[in-house]
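Listing of coords_13.cif; format and content: mmCIF, C-alpha atoms.
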```
data_run
loop_
_atom_site.group_PDB
_atom_site.id
_atom_site.type_symbol
_atom_site.label_atom_id
_atom_site.label_comp_id
_atom_site.auth_asym_id
_atom_site.auth_seq_id
_atom_site.Cartn_x
_atom_site.Cartn_y
_atom_site.Cartn_z
ATOM 1 C CA MET A 1 57.686 -131.678 77.929
ATOM 2 C CA GLY A 2 60.396 -129.048 78.184
ATOM 3 C CA LYS A 3 61.088 -129.249 74.467
ATOM 4 C CA THR A 4 57.416 -128.776 73.726
ATOM 5 C CA ALA A 5 57.280 -125.692 75.920
ATOM 6 C CA GLY A 6 60.352 -124.266 74.194
ATOM 7 C CA THR A 7 58.867 -124.869 70.777
ATOM 8 C CA SER A 8 55.636 -123.153 71.689
ATOM 9 C CA ALA A 9 57.526 -120.114 72.927
ATOM 10 C CA ALA A 10 59.420 -119.942 69.646
ATOM 11 C CA ASP A 11 56.168 -120.298 67.753
ATOM 12 C CA ARG A 12 54.679 -117.428 69.690
ATOM 13 C CA ASN A 13 57.581 -115.231 68.664
ATOM 14 C CA GLN A 14 57.119 -116.212 65.030
ATOM 15 C CA VAL A 15 53.383 -115.574 65.102
ATOM 16 C CA SER A 16 53.754 -112.086 66.602
ATOM 17 C CA GLU A 17 54.917 -109.181 64.476
ATOM 18 C CA PRO A 18 58.550 -109.421 63.431
ATOM 19 C CA ILE A 19 60.893 -107.156 65.345
ATOM 20 C CA GLN A 20 62.311 -104.408 63.150
ATOM 21 C CA PRO A 21 65.572 -103.011 64.535
ATOM 22 C CA ILE A 22 65.873 -99.302 63.891
ATOM 23 C CA ALA A 23 69.570 -99.085 64.747
ATOM 24 C CA ASN A 24 72.498 -101.132 65.992
ATOM 25 C CA PRO A 25 71.514 -101.880 69.612
ATOM 26 C CA TYR A 26 75.119 -102.420 70.696
ATOM 27 C CA LEU A 27 76.149 -99.024 69.376
ATOM 28 C CA ALA A 28 73.092 -97.384 70.932
ATOM 29 C CA ALA A 29 73.882 -98.998 74.278
ATOM 30 C CA VAL A 30 77.510 -97.873 74.245
ATOM 31 C CA ILE A 31 76.554 -94.311 73.314
ATOM 32 C CA ALA A 32 73.842 -94.332 75.982
ATOM 33 C CA TRP A 33 76.375 -95.426 78.580
ATOM 34 C CA LEU A 34 78.983 -92.864 77.600
ATOM 35 C CA ILE A 35 76.769 -89.782 77.841
ATOM 36 C CA PRO A 36 73.430 -89.772 79.690
ATOM 37 C CA GLY A 37 70.641 -89.324 77.157
ATOM 38 C CA ALA A 38 72.931 -89.651 74.149
ATOM 39 C CA GLY A 39 71.512 -93.074 73.305
ATOM 40 C CA HIS A 40 68.070 -91.571 72.890
ATOM 41 C CA ALA A 41 69.502 -88.725 70.829
ATOM 42 C CA PHE A 42 71.232 -91.292 68.617
ATOM 43 C CA LEU A 43 67.852 -92.966 68.096
ATOM 44 C CA GLY A 44 66.136 -89.667 67.252
ATOM 45 C CA ARG A 45 64.362 -89.194 70.598
ATOM 46 C CA TRP A 46 65.760 -85.730 71.140
ATOM 47 C CA GLY A 47 63.156 -84.502 73.593
ATOM 48 C CA ARG A 48 63.670 -87.392 75.960
ATOM 49 C CA ALA A 49 67.427 -87.200 75.414
ATOM 50 C CA VAL A 50 67.595 -83.621 76.672
ATOM 51 C CA ILE A 51 65.378 -84.381 79.668
ATOM 52 C CA PHE A 52 67.418 -87.445 80.648
ATOM 53 C CA PHE A 53 70.704 -85.616 80.165
ATOM 54 C CA VAL A 54 69.605 -82.798 82.457
ATOM 55 C CA LEU A 55 68.079 -85.141 85.044
ATOM 56 C CA VAL A 56 71.043 -87.497 85.359
ATOM 57 C CA LEU A 57 73.657 -84.770 85.435
ATOM 58 C CA THR A 58 71.623 -82.719 87.897
ATOM 59 C CA CYS A 59 71.307 -85.731 90.171
ATOM 60 C CA ALA A 60 75.046 -86.410 89.933
ATOM 61 C CA ALA A 61 75.904 -82.744 90.502
ATOM 62 C CA ILE A 62 73.755 -82.629 93.638
ATOM 63 C CA GLY A 63 75.515 -85.771 94.848
ATOM 64 C CA VAL A 64 78.903 -84.152 94.358
ATOM 65 C CA MET A 65 77.699 -80.927 95.966
ATOM 66 C CA LEU A 66 76.634 -82.933 99.014
ATOM 67 C CA ASP A 67 80.074 -84.631 99.179
ATOM 68 C CA GLY A 68 78.622 -88.057 98.442
ATOM 69 C CA ARG A 69 80.745 -91.118 97.907
ATOM 70 C CA LEU A 70 81.693 -92.187 94.405
ATOM 71 C CA TYR A 71 82.182 -95.944 94.582
ATOM 72 C CA THR A 72 85.249 -97.146 92.739
ATOM 73 C CA PHE A 73 86.667 -100.582 92.026
ATOM 74 C CA ASP A 74 88.925 -101.609 94.867
ATOM 75 C CA ASN A 75 90.310 -105.099 95.366
ATOM 76 C CA ALA A 76 90.517 -104.574 99.105
ATOM 77 C CA GLN A 77 86.767 -104.103 99.390
ATOM 78 C CA ARG A 78 84.003 -106.644 99.811
ATOM 79 C CA PHE A 79 81.497 -107.941 97.294
ATOM 80 C CA LEU A 80 78.758 -105.380 97.937
ATOM 81 C CA HIS A 81 81.246 -102.582 97.377
ATOM 82 C CA TRP A 82 81.939 -104.038 93.938
ATOM 83 C CA VAL A 83 78.227 -104.121 93.195
ATOM 84 C CA ALA A 84 77.998 -100.442 94.107
ATOM 85 C CA ALA A 85 81.105 -99.650 92.065
ATOM 86 C CA THR A 86 79.619 -101.434 89.060
ATOM 87 C CA GLY A 87 76.483 -99.342 89.422
ATOM 88 C CA ALA A 88 78.471 -96.138 89.783
ATOM 89 C CA PHE A 89 80.492 -97.046 86.687
ATOM 90 C CA GLY A 90 77.202 -96.935 84.794
ATOM 91 C CA LEU A 91 77.388 -93.156 84.894
ATOM 92 C CA GLY A 92 79.751 -93.299 81.924
ATOM 93 C CA ILE A 93 81.951 -90.355 81.041
ATOM 94 C CA PRO A 94 80.841 -88.281 84.056
ATOM 95 C CA TYR A 95 82.118 -91.123 86.269
ATOM 96 C CA LEU A 96 85.447 -91.164 84.453
ATOM 97 C CA VAL A 97 85.735 -87.386 84.710
ATOM 98 C CA LEU A 98 84.879 -87.379 88.405
ATOM 99 C CA HIS A 99 87.095 -90.300 89.353
ATOM 100 C CA HIS A 100 90.059 -90.051 87.019
ATOM 101 C CA GLY A 101 89.871 -86.433 85.905
ATOM 102 C CA MET A 102 89.051 -84.702 89.171
ATOM 103 C CA GLY A 103 90.091 -87.373 91.656
ATOM 104 C CA TYR A 104 86.751 -87.017 93.376
ATOM 105 C CA GLN A 105 85.990 -89.470 96.182
ATOM 106 C CA GLY A 106 83.553 -87.735 98.502
ATOM 107 C CA ASP A 107 83.911 -86.557 102.059
ATOM 108 C CA PRO A 108 82.808 -89.011 104.784
ATOM 109 C CA ALA A 109 83.145 -86.246 107.374
ATOM 110 C CA SER A 110 80.466 -84.192 105.666
ATOM 111 C CA ALA A 111 77.020 -84.185 107.285
ATOM 112 C CA SER A 112 75.391 -84.660 103.890
ATOM 113 C CA TYR A 113 77.666 -87.551 102.884
ATOM 114 C CA GLU A 114 74.944 -90.228 102.930
ATOM 115 C CA TYR A 115 72.526 -88.047 101.008
ATOM 116 C CA GLY A 116 75.143 -87.270 98.399
ATOM 117 C CA THR A 117 75.963 -90.940 98.023
ATOM 118 C CA ALA A 118 72.282 -91.694 97.411
ATOM 119 C CA PHE A 119 72.096 -89.014 94.726
ATOM 120 C CA LEU A 120 75.289 -90.187 93.043
ATOM 121 C CA ILE A 121 74.395 -93.868 92.951
ATOM 122 C CA THR A 122 70.881 -92.984 91.789
ATOM 123 C CA ALA A 123 72.271 -90.951 88.896
ATOM 124 C CA SER A 124 74.417 -93.920 87.900
ATOM 125 C CA LEU A 125 71.541 -96.375 88.041
ATOM 126 C CA MET A 126 69.356 -93.967 86.074
ATOM 127 C CA ASN A 127 71.927 -94.092 83.290
ATOM 128 C CA CYS A 128 71.956 -97.898 83.446
ATOM 129 C CA LEU A 129 68.181 -97.870 82.899
ATOM 130 C CA LEU A 130 68.629 -95.443 80.004
ATOM 131 C CA LEU A 131 71.132 -97.848 78.483
ATOM 132 C CA LEU A 132 68.576 -100.665 78.631
ATOM 133 C CA ASP A 133 65.848 -98.383 77.272
ATOM 134 C CA ALA A 134 68.044 -97.354 74.333
ATOM 135 C CA TRP A 135 68.801 -101.019 73.711
ATOM 136 C CA ASP A 136 65.094 -101.854 73.532
ATOM 137 C CA ILE A 137 64.297 -98.887 71.287
ATOM 138 C CA ALA A 138 67.126 -99.774 68.926
ATOM 139 C CA ARG A 139 65.861 -103.357 68.681
ATOM 140 C CA GLY A 140 62.407 -102.055 67.841
ATOM 141 C CA VAL A 141 60.642 -103.637 70.794
ATOM 142 C CA LYS A 142 59.855 -100.247 72.347
ATOM 143 C CA ASP A 143 58.866 -96.851 71.031
ATOM 144 C CA MET B 144 68.738 -52.993 129.360
ATOM 145 C CA GLU B 145 69.287 -54.609 126.058
ATOM 146 C CA SER B 146 66.381 -56.626 124.798
ATOM 147 C CA ARG B 147 66.983 -59.528 122.504
ATOM 148 C CA THR B 148 64.329 -60.823 120.167
ATOM 149 C CA GLU B 149 63.277 -64.467 120.368
ATOM 150 C CA PRO B 150 65.987 -65.688 122.757
ATOM 151 C CA SER B 151 64.438 -69.141 122.986
ATOM 152 C CA GLU B 152 64.076 -69.665 119.263
ATOM 153 C CA PRO B 153 65.305 -73.141 118.351
ATOM 154 C CA PRO B 154 68.204 -73.384 115.952
ATOM 155 C CA SER B 155 67.121 -73.796 112.382
ATOM 156 C CA ASP B 156 68.020 -76.854 110.342
ATOM 157 C CA GLU B 157 69.158 -74.526 107.617
ATOM 158 C CA SER B 158 71.846 -72.941 109.794
ATOM 159 C CA ASN B 159 75.308 -73.628 108.441
ATOM 160 C CA ASP B 160 78.566 -74.077 110.235
ATOM 161 C CA SER B 161 80.503 -73.121 107.183
ATOM 162 C CA ASP B 162 79.747 -70.965 104.197
ATOM 163 C CA GLU B 163 80.506 -73.812 101.798
ATOM 164 C CA SER B 164 77.725 -76.073 103.059
ATOM 165 C CA PRO B 165 74.584 -75.990 100.934
ATOM 166 C CA PRO B 166 71.522 -74.644 102.786
ATOM 167 C CA MET B 167 69.498 -77.833 102.680
ATOM 168 C CA SER B 168 67.280 -79.690 105.108
ATOM 169 C CA HIS B 169 66.393 -83.376 105.292
ATOM 170 C CA PHE B 170 62.884 -82.689 104.023
ATOM 171 C CA PHE B 171 64.082 -80.511 101.152
ATOM 172 C CA LEU B 172 66.514 -83.207 100.030
ATOM 173 C CA MET B 173 63.782 -85.834 100.216
ATOM 174 C CA VAL B 174 61.455 -83.711 98.078
ATOM 175 C CA LEU B 175 64.271 -82.977 95.627
ATOM 176 C CA TYR B 176 65.158 -86.654 95.346
ATOM 177 C CA ALA B 177 61.512 -87.661 94.887
ATOM 178 C CA SER B 178 61.044 -84.961 92.231
ATOM 179 C CA LEU B 179 64.028 -86.063 90.180
ATOM 180 C CA LEU B 180 63.086 -89.734 90.330
ATOM 181 C CA SER B 181 59.430 -89.058 89.567
ATOM 182 C CA VAL B 182 60.236 -86.988 86.496
ATOM 183 C CA PHE B 183 62.743 -89.594 85.331
ATOM 184 C CA PHE B 184 60.391 -92.550 85.574
ATOM 185 C CA SER B 185 57.370 -90.713 84.222
ATOM 186 C CA VAL B 186 59.330 -89.733 81.099
ATOM 187 C CA LEU B 187 60.894 -93.181 80.820
ATOM 188 C CA TRP B 188 57.711 -95.198 81.237
ATOM 189 C CA ARG B 189 55.015 -93.006 79.663
ATOM 190 C CA ARG B 190 54.737 -91.206 76.336
ATOM 191 C CA ALA B 191 51.591 -89.074 76.535
ATOM 192 C CA LEU B 192 51.939 -85.889 78.551
ATOM 193 C CA ARG B 193 48.769 -86.548 80.523
ATOM 194 C CA GLU B 194 49.965 -90.039 81.434
ATOM 195 C CA GLN B 195 53.341 -88.659 82.426
ATOM 196 C CA ALA B 196 51.759 -86.081 84.711
ATOM 197 C CA LYS B 197 49.581 -88.738 86.315
ATOM 198 C CA LEU B 198 52.490 -91.084 86.935
ATOM 199 C CA PHE B 199 54.620 -88.209 88.213
ATOM 200 C CA LEU B 200 52.017 -87.344 90.828
ATOM 201 C CA GLN B 201 51.603 -90.968 91.851
ATOM 202 C CA LEU B 202 55.338 -91.512 92.258
ATOM 203 C CA PHE B 203 56.043 -88.169 93.900
ATOM 204 C CA LEU B 204 53.190 -88.341 96.386
ATOM 205 C CA GLY B 205 53.961 -91.995 97.049
ATOM 206 C CA MET B 206 57.600 -91.300 97.861
ATOM 207 C CA VAL B 207 57.087 -88.135 99.894
ATOM 208 C CA GLY B 208 53.939 -89.413 101.586
ATOM 209 C CA GLY B 209 55.563 -92.771 102.275
ATOM 210 C CA GLY B 210 58.597 -91.059 103.738
ATOM 211 C CA LEU B 211 56.476 -88.923 106.016
ATOM 212 C CA LEU B 212 54.424 -91.950 107.038
ATOM 213 C CA VAL B 213 57.526 -93.948 107.948
ATOM 214 C CA ALA B 214 58.922 -90.938 109.811
ATOM 215 C CA TRP B 215 55.654 -90.637 111.747
ATOM 216 C CA LEU B 216 55.709 -94.343 112.600
ATOM 217 C CA MET B 217 59.313 -94.050 113.792
ATOM 218 C CA TYR B 218 58.650 -90.919 115.835
ATOM 219 C CA PRO B 219 57.964 -92.762 119.139
ATOM 220 C CA PHE B 220 61.236 -94.669 118.757
ATOM 221 C CA PRO B 221 64.064 -92.143 118.466
ATOM 222 C CA SER B 222 67.487 -93.628 117.923
ATOM 223 C CA GLY B 223 69.292 -90.984 119.915
ATOM 224 C CA PRO B 224 69.687 -87.264 120.414
ATOM 225 C CA PRO B 225 68.938 -85.211 117.288
ATOM 226 C CA THR B 226 71.964 -84.047 115.390
ATOM 227 C CA PRO B 227 72.067 -80.694 113.641
ATOM 228 C CA PHE B 228 72.104 -80.755 109.889
ATOM 229 C CA PRO B 229 74.282 -80.034 108.069
#
```
Show the structure stored in the file as structure tokens.
Amino acid sequence: MGKTAGTSAADRNQVSEPIQPIANPYLAAVIAWLIPGAGHAFLGRWGRAVIFFVLVLTCAAIGVMLDGRLYTFDNAQRFLHWVAATGAFGLGIPYLVLHHGMGYQGDPASASYEYGTAFLITASLMNCLLLLDAWDIARGVKD
Amino acid sequence: MESRTEPSEPPSDESNDSDESPPMSHFFLMVLYASLLSVFFSVLWRRALREQAKLFLQLFLGMVGGGLLVAWLMYPFPSGPPTPFP
């Protein structure tokens, strides 16, 4: 039964229109991760690239301005901290600049600390979604 | 006799203890956050401008309206004395 179901799924893929990759999805994903919006620029979606670049960096800048926490990989921390750090790492080069270049960590004593953390982690997760979007566009499964 | 204007005026949320703190309120930050997310998802998920505008309004009003609704529902159950922000 399971084999039959698997075969029918494969048949459905063969019947539908063949997927035409427009670029190397791995390269598009890496570029998209490095610089917010760059993946879309690499794929020729310049308008969206500029909008995403501005949005993600604005969100991250507000997070820094509000002294939000930038989650980093720390062996002493628990599992959920690692999940957050993985998400924050999705910000790409801005994460590396903030963490390694500027030594930014955030200020827990600040009244806007929680808000800033929300903005920072949101900016990172936005870039993760952009990475997946660039991947899909490069594979030709999305416009 | 020196007369002071509005002696009983409540302190504003926008008042800052230090010059470095950004002049922001909880509501302003919520609207800002909802705006950024709404623009992001409307551009990510829709292609036509009209569709993007429609989705933006749905997301923005949903987030801000939902936030206000939850705040209203929580109003009878305060967690403690209000703290000044920032």
query = Which residue out of A:Val56, A:Ala76, A:Ile22, A:Ala61 has the minimum interatomic distance to Phe42 of chain A when only C-alpha atoms are used?
reply =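 Looking at the shortest contact to Phe42 of chain A, the residue is A:Ile22.
Among the candidates A:Leu129, A:Leu70, A:Ala41, A:Ile19, the one nearest to chain B when counting all atoms listed in the file is A:Leu129.
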key: Target residues per the PyMOL selection byres ((chain A) within 7 of (chain B)), formatted as a VMD selection string   = chain A and resid 52 55 111 to 112
Create the file for the chosen residues now, containing C-alpha atoms and written as an mmCIF file, in the frame of the given file.
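Ended up saving to selection.cif:
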```
data_model
loop_
_atom_site.group_PDB
_atom_site.id
_atom_site.type_symbol
_atom_site.label_atom_id
_atom_site.label_comp_id
_atom_site.auth_asym_id
_atom_site.auth_seq_id
_atom_site.Cartn_x
_atom_site.Cartn_y
_atom_site.Cartn_z
ATOM 1 C CA PHE A 52 67.418 -87.445 80.648
ATOM 2 C CA LEU A 55 68.079 -85.141 85.044
ATOM 3 C CA ALA A 111 77.020 -84.185 107.285
ATOM 4 C CA SER A 112 75.391 -84.660 103.890
#
```
request  = Please write the residues picked by the PyMOL selection byres ((chain A and resi 137) around 9) on this file as a list of chain:residue names.
outcome  =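 Expected selection for the PyMOL selection byres ((chain A and resi 137) around 9) here is A:Pro21, A:Ile22, A:Ala23, A:Pro25, A:Ala28, A:His40, A:Leu43, A:Leu132, A:Asp133, A:Ala134, A:Trp135, A:Asp136, A:Ala138, A:Arg139, A:Gly140, A:Val141, A:Lys142, A:Asp143.
Pairwise distance (atom CA of Trp82 of chain A, atom CA of Thr58 of chain A) equals 24.4 Å.
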ask   = Could you tell me, as a ChimeraX atom specification, which residues have any atom at most 12 Å from (78.8, -91.9, 100.2), counting only C-alpha atoms?
value = /A:63-72,81,84-85,88,104-122
task = Please evaluate the PyMOL selection byres ((chain B and resi 202) around 10) against the displayed coordinates and give the resulting residues as a VMD selection string.
result = chain B and resid 177 to 178 180 to 182 184 to 185 196 to 201 203 to 208
ask   = For Thr86 of chain A, which of A:Val30, A:Cys128, A:Leu57, A:Met102 is the closest residue, counting only C-alpha atoms?
value =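 Of the candidates, the smallest distance to Thr86 of chain A is held by A:Cys128.
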key: Pairwise distance for atom CA of Gly90 of chain A and atom CA of Gly103 of chain A, rounded to one decimal in Å   =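 Between atom CA of Gly90 of chain A and atom CA of Gly103 of chain A the gap works out to 17.5 Å.
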ask   = Separation of atom CA of Ala191 of chain B and atom CA of Val50 of chain A, in Å?
value =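 Rounded to one decimal, the two atoms are 16.9 Å apart.
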inquiry  = Please return as an NGL selection string every residue within 10 Å of (75.5, -86.8, 84.0), taking into account only C-alpha atoms and the file's own coordinates.
reply    = :A and (34-37 or 52-61 or 91-95 or 120 or 123-124 or 126-127)
